[in-house]
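**Student:** Below is the file work.pdb, which contains PDB, C-alpha atoms and all ligand atoms.
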ATOM      1  CA  MET O  27      -8.772  18.481 -20.591
ATOM      2  CA  ILE O  28      -5.063  18.927 -20.213
ATOM      3  CA  GLU O  29      -3.155  17.380 -17.355
ATOM      4  CA  LYS O  30      -1.999  20.062 -14.942
ATOM      5  CA  GLU O  31       1.665  20.997 -15.052
ATOM      6  CA  ILE O  32       3.496  20.061 -11.903
ATOM      7  CA  GLN O  33       4.867  23.230 -10.375
ATOM      8  CA  MET O  34       6.467  22.205  -7.128
ATOM      9  CA  LYS O  35       6.314  25.025  -4.666
ATOM     10  CA  THR O  36       7.072  24.241  -1.065
ATOM     11  CA  PRO O  37       6.762  20.495  -0.464
ATOM     12  CA  PRO O  38       3.659  19.879   1.642
ATOM     13  CA  ASN O  39       4.346  19.070   5.254
ATOM     14  CA  LYS O  40       0.858  19.246   6.700
ATOM     15  CA  PHE O  41       0.433  15.488   6.476
ATOM     16  CA  GLU O  42       2.656  12.414   6.307
ATOM     17  CA  LEU O  43       3.021  10.431   3.106
ATOM     18  CA  SER O  44       4.468   7.069   2.146
ATOM     19  CA  PHE O  45       4.967   5.480  -1.255
ATOM     20  CA  GLU O  46       4.900   1.836  -2.297
ATOM     21  CA  PHE O  47       7.010   0.360  -5.115
ATOM     22  CA  PHE O  48       7.377  -3.069  -6.628
ATOM     23  CA  PRO O  49      10.920  -4.394  -7.096
ATOM     24  CA  PRO O  50      11.881  -4.006 -10.786
ATOM     25  CA  LYS O  51      13.038  -7.004 -12.803
ATOM     26  CA  THR O  52      15.463  -5.211 -15.110
ATOM     27  CA  THR O  53      18.237  -2.631 -14.889
ATOM     28  CA  GLU O  54      16.034  -0.267 -16.943
ATOM     29  CA  GLY O  55      13.292  -0.762 -14.371
ATOM     30  CA  MET O  56      15.735   0.006 -11.557
ATOM     31  CA  ASP O  57      16.838   3.212 -13.362
ATOM     32  CA  LYS O  58      13.231   4.256 -13.866
ATOM     33  CA  LEU O  59      12.467   3.615 -10.214
ATOM     34  CA  ARG O  60      15.451   5.773  -9.161
ATOM     35  CA  GLU O  61      13.988   8.623 -11.199
ATOM     36  CA  THR O  62      10.504   8.024  -9.722
ATOM     37  CA  ARG O  63      11.997   8.014  -6.243
ATOM     38  CA  SER O  64      13.886  11.238  -6.754
ATOM     39  CA  GLN O  65      10.646  12.938  -7.869
ATOM     40  CA  LEU O  66       8.631  11.582  -4.931
ATOM     41  CA  ALA O  67      11.425  12.301  -2.432
ATOM     42  CA  LYS O  68      10.568  16.010  -2.835
ATOM     43  CA  PHE O  69       7.439  15.328  -0.786
ATOM     44  CA  ASN O  70       9.493  14.255   2.254
ATOM     45  CA  PRO O  71       7.834  10.840   2.651
ATOM     46  CA  GLU O  72       7.883   9.091   5.985
ATOM     47  CA  PHE O  73       9.027   5.910   4.196
ATOM     48  CA  PHE O  74       9.154   4.063   0.888
ATOM     49  CA  SER O  75       7.899   0.477   0.959
ATOM     50  CA  VAL O  76       8.742  -2.352  -1.441
ATOM     51  CA  THR O  77       6.407  -5.265  -2.197
ATOM     52  CA  PHE O  78       7.300  -8.931  -1.890
ATOM     53  CA  GLY O  79       6.098 -11.685  -4.213
ATOM     54  CA  ALA O  80       4.078 -14.379  -2.464
ATOM     55  CA  GLY O  81       6.192 -17.422  -1.680
ATOM     56  CA  GLY O  82       9.385 -15.311  -1.702
ATOM     57  CA  SER O  83       9.536 -14.972  -5.500
ATOM     58  CA  THR O  84      10.988 -11.431  -5.283
ATOM     59  CA  ARG O  85      13.042 -11.994  -2.139
ATOM     60  CA  ASP O  86      16.391 -10.804  -3.557
ATOM     61  CA  ARG O  87      14.947  -8.000  -5.667
ATOM     62  CA  THR O  88      12.926  -6.697  -2.718
ATOM     63  CA  MET O  89      16.046  -6.791  -0.534
ATOM     64  CA  ASP O  90      18.207  -5.024  -3.177
ATOM     65  CA  THR O  91      15.626  -2.297  -3.755
ATOM     66  CA  VAL O  92      15.121  -1.742  -0.026
ATOM     67  CA  LEU O  93      18.849  -1.476   0.629
ATOM     68  CA  GLU O  94      19.310   0.971  -2.215
ATOM     69  CA  ILE O  95      16.539   3.174  -0.806
ATOM     70  CA  GLN O  96      18.084   2.997   2.630
ATOM     71  CA  HIS O  97      21.537   3.912   1.281
ATOM     72  CA  GLU O  98      19.983   6.987  -0.300
ATOM     73  CA  GLY O  99      19.044   8.068   3.228
ATOM     74  CA  PHE O 100      15.332   7.249   3.255
ATOM     75  CA  GLN O 101      13.441   4.961   5.571
ATOM     76  CA  ALA O 102      12.729   1.772   3.637
ATOM     77  CA  ALA O 103      10.056  -0.738   4.617
ATOM     78  CA  PRO O 104      10.162  -4.167   2.979
ATOM     79  CA  HIS O 105       6.910  -6.099   2.698
ATOM     80  CA  ILE O 106       7.111  -9.704   3.853
ATOM     81  CA  SER O 107       4.423 -12.175   2.890
ATOM     82  CA  CYS O 108       4.360 -15.484   4.720
ATOM     83  CA  ILE O 109       2.195 -17.760   2.582
ATOM     84  CA  SER O 110       4.023 -20.976   1.668
ATOM     85  CA  SER O 111       7.158 -19.878   3.570
ATOM     86  CA  SER O 112       8.806 -21.784   6.393
ATOM     87  CA  LYS O 113       9.660 -20.270   9.754
ATOM     88  CA  ALA O 114      13.351 -20.760   8.945
ATOM     89  CA  GLU O 115      13.021 -18.741   5.712
ATOM     90  CA  ILE O 116      11.210 -15.887   7.456
ATOM     91  CA  ARG O 117      13.708 -15.978  10.343
ATOM     92  CA  ASP O 118      16.623 -15.599   7.885
ATOM     93  CA  LEU O 119      14.901 -12.684   6.207
ATOM     94  CA  LEU O 120      14.210 -10.939   9.519
ATOM     95  CA  LEU O 121      17.808 -11.406  10.619
ATOM     96  CA  ALA O 122      19.078 -10.027   7.311
ATOM     97  CA  TYR O 123      16.869  -6.932   7.570
ATOM     98  CA  GLN O 124      17.762  -6.449  11.209
ATOM     99  CA  ALA O 125      21.484  -6.667  10.400
ATOM    100  CA  GLN O 126      21.005  -3.995   7.716
ATOM    101  CA  GLY O 127      19.329  -1.634  10.172
ATOM    102  CA  ILE O 128      15.852  -1.862   8.641
ATOM    103  CA  LYS O 129      13.315  -0.778  11.258
ATOM    104  CA  ARG O 130       9.923  -1.055   9.577
ATOM    105  CA  LEU O 131       8.136  -3.981   7.902
ATOM    106  CA  VAL O 132       4.802  -4.484   6.165
ATOM    107  CA  ALA O 133       3.684  -7.963   7.311
ATOM    108  CA  LEU O 134       1.249  -9.824   5.068
ATOM    109  CA  ARG O 135      -0.097 -13.236   4.346
ATOM    110  CA  GLY O 136       0.179 -12.773   0.574
ATOM    111  CA  ASP O 137      -2.257 -13.905  -2.077
ATOM    112  CA  ILE O 138      -2.573 -17.658  -2.313
ATOM    113  CA  PRO O 139      -0.803 -18.629  -5.561
ATOM    114  CA  SER O 140      -2.736 -20.835  -7.979
ATOM    115  CA  GLY O 141      -1.454 -24.316  -8.786
ATOM    116  CA  GLU O 142       0.770 -26.538  -6.672
ATOM    117  CA  VAL O 143       1.786 -24.712  -3.503
ATOM    118  CA  SER O 144       3.833 -25.883  -0.545
ATOM    119  CA  ALA O 145       1.826 -25.425   2.628
ATOM    120  CA  GLY O 146       4.363 -23.390   4.622
ATOM    121  CA  ASP O 147       4.341 -22.692   8.347
ATOM    122  CA  PHE O 148       1.926 -19.745   8.370
ATOM    123  CA  ARG O 149      -1.778 -19.566   7.558
ATOM    124  CA  TYR O 150      -2.499 -15.929   8.335
ATOM    125  CA  ALA O 151      -0.701 -12.600   8.707
ATOM    126  CA  SER O 152      -1.531 -12.549  12.444
ATOM    127  CA  GLU O 153       0.732 -15.602  12.825
ATOM    128  CA  LEU O 154       3.501 -13.772  10.963
ATOM    129  CA  VAL O 155       3.182 -10.717  13.211
ATOM    130  CA  GLN O 156       3.300 -12.967  16.267
ATOM    131  CA  PHE O 157       6.416 -14.695  14.889
ATOM    132  CA  ILE O 158       8.184 -11.384  14.116
ATOM    133  CA  ARG O 159       7.560 -10.167  17.681
ATOM    134  CA  ALA O 160       8.717 -13.487  19.177
ATOM    135  CA  GLU O 161      11.900 -13.470  17.087
ATOM    136  CA  THR O 162      12.850  -9.796  17.127
ATOM    137  CA  GLY O 163      10.998  -8.179  20.044
ATOM    138  CA  ASN O 164      10.258  -4.527  19.414
ATOM    139  CA  HIS O 165      12.968  -3.984  16.804
ATOM    140  CA  PHE O 166      10.517  -3.471  13.927
ATOM    141  CA  HIS O 167       7.595  -1.117  13.481
ATOM    142  CA  ILE O 168       5.069  -3.525  11.957
ATOM    143  CA  GLU O 169       2.466  -2.406   9.436
ATOM    144  CA  VAL O 170      -0.371  -4.760   8.474
ATOM    145  CA  ALA O 171      -3.085  -4.698   5.812
ATOM    146  CA  ALA O 172      -6.670  -3.577   6.500
ATOM    147  CA  TYR O 173      -9.732  -3.731   4.264
ATOM    148  CA  PRO O 174     -12.422  -1.012   4.499
ATOM    149  CA  GLU O 175     -14.455  -2.887   1.854
ATOM    150  CA  PHE O 176     -13.437  -6.232   3.372
ATOM    151  CA  HIS O 177     -11.053  -8.893   2.173
ATOM    152  CA  PRO O 178     -12.530 -11.077  -0.591
ATOM    153  CA  GLU O 179     -12.031 -14.266   1.462
ATOM    154  CA  ALA O 180     -13.532 -12.877   4.667
ATOM    155  CA  ARG O 181     -16.477 -14.938   5.903
ATOM    156  CA  THR O 182     -18.229 -11.827   7.207
ATOM    157  CA  PRO O 183     -17.317  -8.156   7.754
ATOM    158  CA  ALA O 184     -17.227  -8.820  11.511
ATOM    159  CA  ALA O 185     -14.809 -11.743  11.016
ATOM    160  CA  ASP O 186     -12.525  -9.523   8.925
ATOM    161  CA  LEU O 187     -12.520  -6.848  11.647
ATOM    162  CA  GLN O 188     -11.701  -9.524  14.210
ATOM    163  CA  ASN O 189      -8.789 -10.526  12.006
ATOM    164  CA  LEU O 190      -7.410  -6.992  12.090
ATOM    165  CA  LYS O 191      -7.801  -7.059  15.865
ATOM    166  CA  ARG O 192      -5.827 -10.340  15.989
ATOM    167  CA  LYS O 193      -3.011  -8.690  14.028
ATOM    168  CA  VAL O 194      -3.020  -5.711  16.391
ATOM    169  CA  ASP O 195      -3.103  -7.960  19.475
ATOM    170  CA  ALA O 196      -0.166  -9.869  17.979
ATOM    171  CA  GLY O 197       1.859  -6.636  17.881
ATOM    172  CA  ALA O 198       1.060  -4.583  14.752
ATOM    173  CA  ASN O 199       1.801  -0.865  15.182
ATOM    174  CA  SER O 200      -0.220   0.521  12.280
ATOM    175  CA  ALA O 201      -2.270  -0.554   9.280
ATOM    176  CA  ILE O 202      -2.410   0.420   5.625
ATOM    177  CA  THR O 203      -5.687  -0.130   3.830
ATOM    178  CA  GLN O 204      -6.479  -1.723   0.533
ATOM    179  CA  TYR O 205      -7.410   1.053  -1.889
ATOM    180  CA  PHE O 206     -10.988   2.287  -2.162
ATOM    181  CA  TYR O 207     -12.844   5.130  -3.849
ATOM    182  CA  ASN O 208     -15.692   5.416  -1.292
ATOM    183  CA  ALA O 209     -14.437   7.618   1.529
ATOM    184  CA  ASP O 210     -17.467   6.541   3.580
ATOM    185  CA  ALA O 211     -16.273   2.934   3.579
ATOM    186  CA  TYR O 212     -13.029   4.071   5.215
ATOM    187  CA  PHE O 213     -14.698   6.263   7.854
ATOM    188  CA  ARG O 214     -17.209   3.556   8.746
ATOM    189  CA  PHE O 215     -14.393   1.023   8.990
ATOM    190  CA  VAL O 216     -12.327   3.265  11.294
ATOM    191  CA  GLU O 217     -15.417   3.763  13.483
ATOM    192  CA  GLN O 218     -15.940   0.010  13.720
ATOM    193  CA  CYS O 219     -12.264  -0.509  14.564
ATOM    194  CA  ASP O 220     -12.572   2.096  17.275
ATOM    195  CA  ALA O 221     -15.576   0.297  18.728
ATOM    196  CA  LEU O 222     -13.478  -2.895  18.879
ATOM    197  CA  GLY O 223     -10.680  -1.101  20.716
ATOM    198  CA  ILE O 224      -8.344  -0.999  17.689
ATOM    199  CA  THR O 225      -6.520   2.248  18.236
ATOM    200  CA  ILE O 226      -3.519   1.981  15.898
ATOM    201  CA  PRO O 227      -3.335   4.447  12.966
ATOM    202  CA  ILE O 228      -5.229   3.126   9.937
ATOM    203  CA  VAL O 229      -3.658   4.787   6.919
ATOM    204  CA  PRO O 230      -5.662   4.921   3.683
ATOM    205  CA  GLY O 231      -3.978   3.222   0.732
ATOM    206  CA  ILE O 232      -4.472   5.401  -2.363
ATOM    207  CA  MET O 233      -4.508   3.991  -5.876
ATOM    208  CA  PRO O 234      -4.126   6.641  -8.594
ATOM    209  CA  ILE O 235      -6.137   6.034 -11.740
ATOM    210  CA  TYR O 236      -3.862   5.271 -14.681
ATOM    211  CA  ASN O 237      -5.921   2.958 -16.823
ATOM    212  CA  ILE O 238      -9.447   1.528 -16.532
ATOM    213  CA  THR O 239      -8.579  -2.000 -17.738
ATOM    214  CA  GLN O 240      -5.746  -2.346 -15.248
ATOM    215  CA  LEU O 241      -7.836  -0.872 -12.435
ATOM    216  CA  ALA O 242     -10.752  -3.222 -13.148
ATOM    217  CA  ARG O 243      -8.349  -6.194 -13.132
ATOM    218  CA  PHE O 244      -6.774  -5.200  -9.795
ATOM    219  CA  SER O 245     -10.187  -4.521  -8.287
ATOM    220  CA  SER O 246     -11.637  -7.870  -9.308
ATOM    221  CA  ILE O 247      -8.722  -9.594  -7.540
ATOM    222  CA  CYS O 248      -8.603  -7.558  -4.343
ATOM    223  CA  GLY O 249     -12.293  -6.779  -3.876
ATOM    224  CA  ALA O 250     -11.966  -2.974  -4.021
ATOM    225  CA  GLU O 251     -15.138  -1.480  -5.440
ATOM    226  CA  ILE O 252     -15.049   0.895  -8.398
ATOM    227  CA  PRO O 253     -18.285   2.867  -7.869
ATOM    228  CA  ARG O 254     -20.659   2.716 -10.825
ATOM    229  CA  TRP O 255     -20.518   6.458 -11.473
ATOM    230  CA  LEU O 256     -16.717   6.340 -11.566
ATOM    231  CA  LYS O 257     -16.558   3.284 -13.814
ATOM    232  CA  MET O 258     -19.027   4.850 -16.269
ATOM    233  CA  ARG O 259     -17.171   8.158 -16.345
ATOM    234  CA  LEU O 260     -13.842   6.408 -16.928
ATOM    235  CA  GLU O 261     -15.290   4.242 -19.692
ATOM    236  CA  GLU O 262     -16.603   7.345 -21.404
ATOM    237  CA  TYR O 263     -13.007   8.521 -22.040
ATOM    238  CA  GLY O 264     -12.282   5.490 -24.241
ATOM    239  CA  ASP O 265      -8.700   5.732 -25.530
ATOM    240  CA  ASP O 266      -8.280   9.354 -24.468
ATOM    241  CA  MET O 267      -5.780   8.552 -21.737
ATOM    242  CA  THR O 268      -4.771  12.167 -21.137
ATOM    243  CA  SER O 269      -8.303  13.175 -20.245
ATOM    244  CA  LEU O 270      -8.904   9.984 -18.282
ATOM    245  CA  ARG O 271      -5.819  10.593 -16.150
ATOM    246  CA  ALA O 272      -6.679  14.261 -15.617
ATOM    247  CA  PHE O 273     -10.156  13.223 -14.462
ATOM    248  CA  GLY O 274      -8.563  10.510 -12.280
ATOM    249  CA  VAL O 275      -6.297  13.111 -10.673
ATOM    250  CA  ASP O 276      -9.346  15.248  -9.800
ATOM    251  CA  VAL O 277     -11.252  12.286  -8.349
ATOM    252  CA  VAL O 278      -8.344  10.980  -6.281
ATOM    253  CA  SER O 279      -7.314  14.470  -5.102
ATOM    254  CA  GLU O 280     -10.842  15.027  -3.837
ATOM    255  CA  LEU O 281     -10.809  11.658  -2.105
ATOM    256  CA  CYS O 282      -7.489  12.497  -0.407
ATOM    257  CA  ASP O 283      -8.747  15.940   0.640
ATOM    258  CA  THR O 284     -11.837  14.383   2.198
ATOM    259  CA  LEU O 285      -9.808  11.720   3.993
ATOM    260  CA  LEU O 286      -7.346  14.228   5.417
ATOM    261  CA  ALA O 287     -10.030  16.750   6.315
ATOM    262  CA  TRP O 288     -11.848  14.106   8.342
ATOM    263  CA  GLY O 289      -8.854  12.816  10.222
ATOM    264  CA  ALA O 290      -6.942  10.227   8.161
ATOM    265  CA  PRO O 291      -3.535  10.033   9.865
ATOM    266  CA  SER O 292      -1.540  10.055   6.599
ATOM    267  CA  LEU O 293      -1.697   8.732   3.022
ATOM    268  CA  HIS O 294       0.042   5.705   1.481
ATOM    269  CA  PHE O 295       0.261   5.758  -2.326
ATOM    270  CA  TYR O 296       0.378   2.645  -4.503
ATOM    271  CA  THR O 297       2.739   4.152  -7.069
ATOM    272  CA  LEU O 298       3.123   1.298  -9.599
ATOM    273  CA  ASN O 299       6.626   2.830  -9.821
ATOM    274  CA  GLN O 300       5.330   6.040 -11.444
ATOM    275  CA  ALA O 301       5.595   9.575 -10.065
ATOM    276  CA  GLY O 302       3.779  11.962 -12.451
ATOM    277  CA  THR O 303       0.126  11.332 -11.610
ATOM    278  CA  ILE O 304       0.815  11.092  -7.887
ATOM    279  CA  SER O 305       2.827  14.325  -7.949
ATOM    280  CA  ASN O 306      -0.158  16.028  -9.575
ATOM    281  CA  ILE O 307      -2.487  14.696  -6.878
ATOM    282  CA  ILE O 308      -0.219  15.797  -4.029
ATOM    283  CA  HIS O 309       0.352  19.136  -5.688
ATOM    284  CA  ASN O 310      -3.438  19.661  -5.685
ATOM    285  CA  LEU O 311      -3.525  18.872  -1.958
ATOM    286  CA  SER O 312      -0.821  21.344  -1.117
ATOM    287  CA  GLU O 313      -2.617  24.264  -2.746
TER     288      GLU O 313
HETATM  289  P1  LIG O 401      -4.646 -11.956   6.552
HETATM  290  O1  LIG O 401      -4.692 -10.821   7.486
HETATM  291  O2  LIG O 401      -4.063 -13.238   7.020
HETATM  292  O3  LIG O 401      -6.154 -12.220   6.041
HETATM  293  C1  LIG O 401      -6.416 -13.062   4.927
HETATM  294  C2  LIG O 401      -7.849 -13.571   4.994
HETATM  295  O4  LIG O 401      -7.957 -14.563   6.015
HETATM  296  C3  LIG O 401      -8.898 -12.524   5.335
HETATM  297  O5  LIG O 401     -10.059 -12.813   4.611
HETATM  298  C4  LIG O 401      -9.127 -12.712   6.827
HETATM  299  O6  LIG O 401     -10.399 -12.260   7.242
HETATM  300  C5  LIG O 401      -8.985 -14.225   6.946
HETATM  301  N1  LIG O 401      -8.496 -14.679   8.248
HETATM  302  C6  LIG O 401      -7.428 -14.241   8.924
HETATM  303  N2  LIG O 401      -7.259 -14.926  10.078
HETATM  304  C7  LIG O 401      -8.251 -15.843  10.107
HETATM  305  C8  LIG O 401      -8.621 -16.898  11.013
HETATM  306  N3  LIG O 401      -7.919 -17.120  12.137
HETATM  307  N4  LIG O 401      -9.690 -17.661  10.703
HETATM  308  C9  LIG O 401     -10.407 -17.453   9.573
HETATM  309  N5  LIG O 401     -10.104 -16.470   8.668
HETATM  310  C10 LIG O 401      -9.042 -15.700   8.941
HETATM  311  N6  LIG O 401       0.562  -9.245  -1.287
HETATM  312  C11 LIG O 401       1.786  -9.746  -1.601
HETATM  313  O7  LIG O 401       1.888 -10.918  -1.993
HETATM  314  N7  LIG O 401       2.920  -8.985  -1.488
HETATM  315  C12 LIG O 401       2.883  -7.707  -1.034
HETATM  316  O8  LIG O 401       3.918  -7.052  -0.948
HETATM  317  C13 LIG O 401       1.615  -7.146  -0.688
HETATM  318  N8  LIG O 401       1.515  -5.894  -0.197
HETATM  319  C14 LIG O 401       0.290  -5.431   0.239
HETATM  320  C15 LIG O 401       0.220  -4.164   0.859
HETATM  321  C16 LIG O 401      -0.987  -3.680   1.329
HETATM  322  C17 LIG O 401      -1.026  -2.333   2.014
HETATM  323  C18 LIG O 401      -2.178  -4.462   1.178
HETATM  324  C19 LIG O 401      -3.506  -3.934   1.660
HETATM  325  C20 LIG O 401      -2.120  -5.700   0.559
HETATM  326  C21 LIG O 401      -0.892  -6.213   0.106
HETATM  327  N9  LIG O 401      -0.782  -7.474  -0.474
HETATM  328  C22 LIG O 401       0.462  -7.980  -0.830
HETATM  329  C23 LIG O 401      -1.984  -8.286  -0.711
HETATM  330  C24 LIG O 401      -2.269  -9.231   0.462
HETATM  331  O9  LIG O 401      -1.212 -10.167   0.576
HETATM  332  C25 LIG O 401      -3.591  -9.933   0.149
HETATM  333  O10 LIG O 401      -4.658  -9.049   0.303
HETATM  334  C26 LIG O 401      -3.814 -11.242   0.881
HETATM  335  O11 LIG O 401      -4.876 -11.931   0.236
HETATM  336  C27 LIG O 401      -4.184 -11.089   2.353
HETATM  337  O12 LIG O 401      -3.126 -10.660   3.081
HETATM  338  P2  LIG O 401      -3.331 -10.193   4.617
HETATM  339  O13 LIG O 401      -2.009  -9.912   5.162
HETATM  340  O14 LIG O 401      -4.368  -9.164   4.706
HETATM  341  O15 LIG O 401      -3.901 -11.587   5.205
END
Could you rewrite the structure in this file as structure tokens?
**Tutor:**
Amino acid sequence: MIEKEIQMKTPPNKFELSFEFFPPKTTEGMDKLRETRSQLAKFNPEFFSVTFGAGGSTRDRTMDTVLEIQHEGFQAAPHISCISSSKAEIRDLLLAYQAQGIKRLVALRGDIPSGEVSAGDFRYASELVQFIRAETGNHFHIEVAAYPEFHPEARTPAADLQNLKRKVDAGANSAITQYFYNADAYFRFVEQCDALGITIPIVPGIMPIYNITQLARFSSICGAEIPRWLKMRLEEYGDDMTSLRAFGVDVVSELCDTLLAWGAPSLHFYTLNQAGTISNIIHNLSE
């Protein structure tokens, strides 16, 4: 199989898109991200978001990347994770973003780092959302995380749904999901949210398939299921990365088509700072 050539026709405008980056560590990484951004900008995204290392480890790099995106004229949404941070640290960050005219945040707890960790002032993302609203009123549009296949630490599915409700009651405007490959898990989750009176948009997070080892590692950490049929098909490609990625593009395009056809409000892509595979997927959707 040969990966489809990207032939951009009219950028699709039937649905909203957003793209997530991580803040690069090197100048080469920053250059590569600029190139990625210019390719993805053709799709008129609603915003670009930039991740934040738990405990503030990428604080400056996240800020620099976000400001660069904003100066290019795009809406930039920094992620903020609160685990092992103090209220004073988060307050400073909010003030800095507010002063720079940033209007959207992705508010998270963050993964609990292994080893010695300072406790911090926040236990859960709902407390962060509450704090952001108390400190900055309605300045920010706040996105939070949601888990159609449930967060790995959740005591029960119902408890995890209640957690999303707490984040919404605290002031979240919309949610982005952890990635998944079972569309049914998303639809069932949205139905359950609806039954609980959670009416904010719940945007599917889409993870393109680049590499089976990397995907299996991410999935074991975040609890996203790789269905057996998909895992077996991917393993069958062995080292043939071209065919694996072409197959991945087909699978993820179909997933996106199904999600949009059945009412997903928009799509949020986990880009891993790469544009090619995602462009192919979106190109398929615009046909
Ligand atoms: P929370 O909503 O606080 O939930 C964490 C766990 O605690 C859940 O199991 C929940 O059910 C449980 N819980 C919550 N409240 C209570 C309560 N009162 N009592 C008992 N249990 C409770 N991580 C980063 O470090 N940086 C990033 O930039 C980043 N970006 C992300 C973007 C998206 C779209 C997503 C989906 C995840 C992202 N993550 C990021 C990962 C995220 O930080 C982890 O999944 C983390 O483990 C949980 O974060 P949360 O905001 O969902 O936490």
**Student:** At a cut-off of 12 Å, using only C-alpha atoms, what residues contact Ala185 (chain O)? Leave out same-chain residues fewer than 6 positions from it and give the result as a PyMOL selection string.
**Tutor:** chain O and resi 173+176-179+191-192+222
**Student:** Can you work out which one of O:Leu134, O:Leu120, O:Ile106, O:Ile308 has the shortest atom-to-atom distance to ligand LIG 401 (chain O), counting all atoms listed in the file?
**Tutor:** O:Leu134
**Student:** Of the candidates O:Asp137, O:Glu46, O:Glu115, O:Asp266, which shows the shortest atom-to-atom distance to ligand LIG 401 (chain O), using only C-alpha atoms and all ligand atoms?
**Tutor:**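 Among O:Asp137, O:Glu46, O:Glu115, O:Asp266, it is O:Asp137 that comes nearest to ligand LIG 401 (chain O).
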**Student:** Using all atoms listed in the file, find each protein or nucleic acid residue lying at most 8 Å from ligand LIG 401 (chain O); present the set as a VMD selection string.
**Tutor:** chain O and resid 48 76 to 81 104 to 107 132 to 138 149 to 153 170 to 173 176 to 182 185 to 190 192 to 193 201 to 205 231 248
**Student:** Take the PyMOL selection byres (((chain O and resi 237) around 9) and not hetatm), apply it to the structure above, and return the hits as an mmCIF file with C-alpha atoms, keeping the file's coordinate frame.
**Tutor:**
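Output below, filename expr_11.cif:
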data_model
loop_
_atom_site.group_PDB
_atom_site.id
_atom_site.type_symbol
_atom_site.label_atom_id
_atom_site.label_comp_id
_atom_site.auth_asym_id
_atom_site.auth_seq_id
_atom_site.Cartn_x
_atom_site.Cartn_y
_atom_site.Cartn_z
ATOM 1 C CA ILE O 235 -6.137 6.034 -11.740
ATOM 2 C CA TYR O 236 -3.862 5.271 -14.681
ATOM 3 C CA ILE O 238 -9.447 1.528 -16.532
ATOM 4 C CA THR O 239 -8.579 -2.000 -17.738
ATOM 5 C CA GLN O 240 -5.746 -2.346 -15.248
ATOM 6 C CA LEU O 241 -7.836 -0.872 -12.435
ATOM 7 C CA ALA O 242 -10.752 -3.222 -13.148
ATOM 8 C CA LEU O 260 -13.842 6.408 -16.928
ATOM 9 C CA MET O 267 -5.780 8.552 -21.737
ATOM 10 C CA LEU O 270 -8.904 9.984 -18.282
ATOM 11 C CA ARG O 271 -5.819 10.593 -16.150
#
**Student:** Which residue, O:Glu161, O:Asp86, O:Asp57, O:Glu72, has the smallest gap to Leu43 (chain O) when you use only C-alpha atoms?
**Tutor:**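 Closest to Leu43 (chain O) of all the choices is O:Glu72.
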**Student:** So, with only C-alpha atoms as the atoms that count, which of O:Ala184, O:Cys108, O:Leu121, O:Ala114 lies closest to Ala145 (chain O)?
**Tutor:** O:Cys108
**Student:** What is the distance between CA of Trp255 (chain O) and CA of His309 (chain O), in Å to one decimal?
**Tutor:**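 Between CA of Trp255 (chain O) and CA of His309 (chain O) the gap is 25.1 Å.
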**Student:** Have a look at CA of Asp147 (chain O) and CA of Phe166 (chain O) and let me know their distance in Å, one decimal.
**Tutor:**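 These two atoms are separated by 20.9 Å.
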**Student:** Could you give me, as a ChimeraX atom specification, the residues within 7 Å of His294 (chain O), counting all atoms listed in the file and dropping anything in the same chain fewer than 5 positions from it?
**Tutor:** /O:43-45,229-232
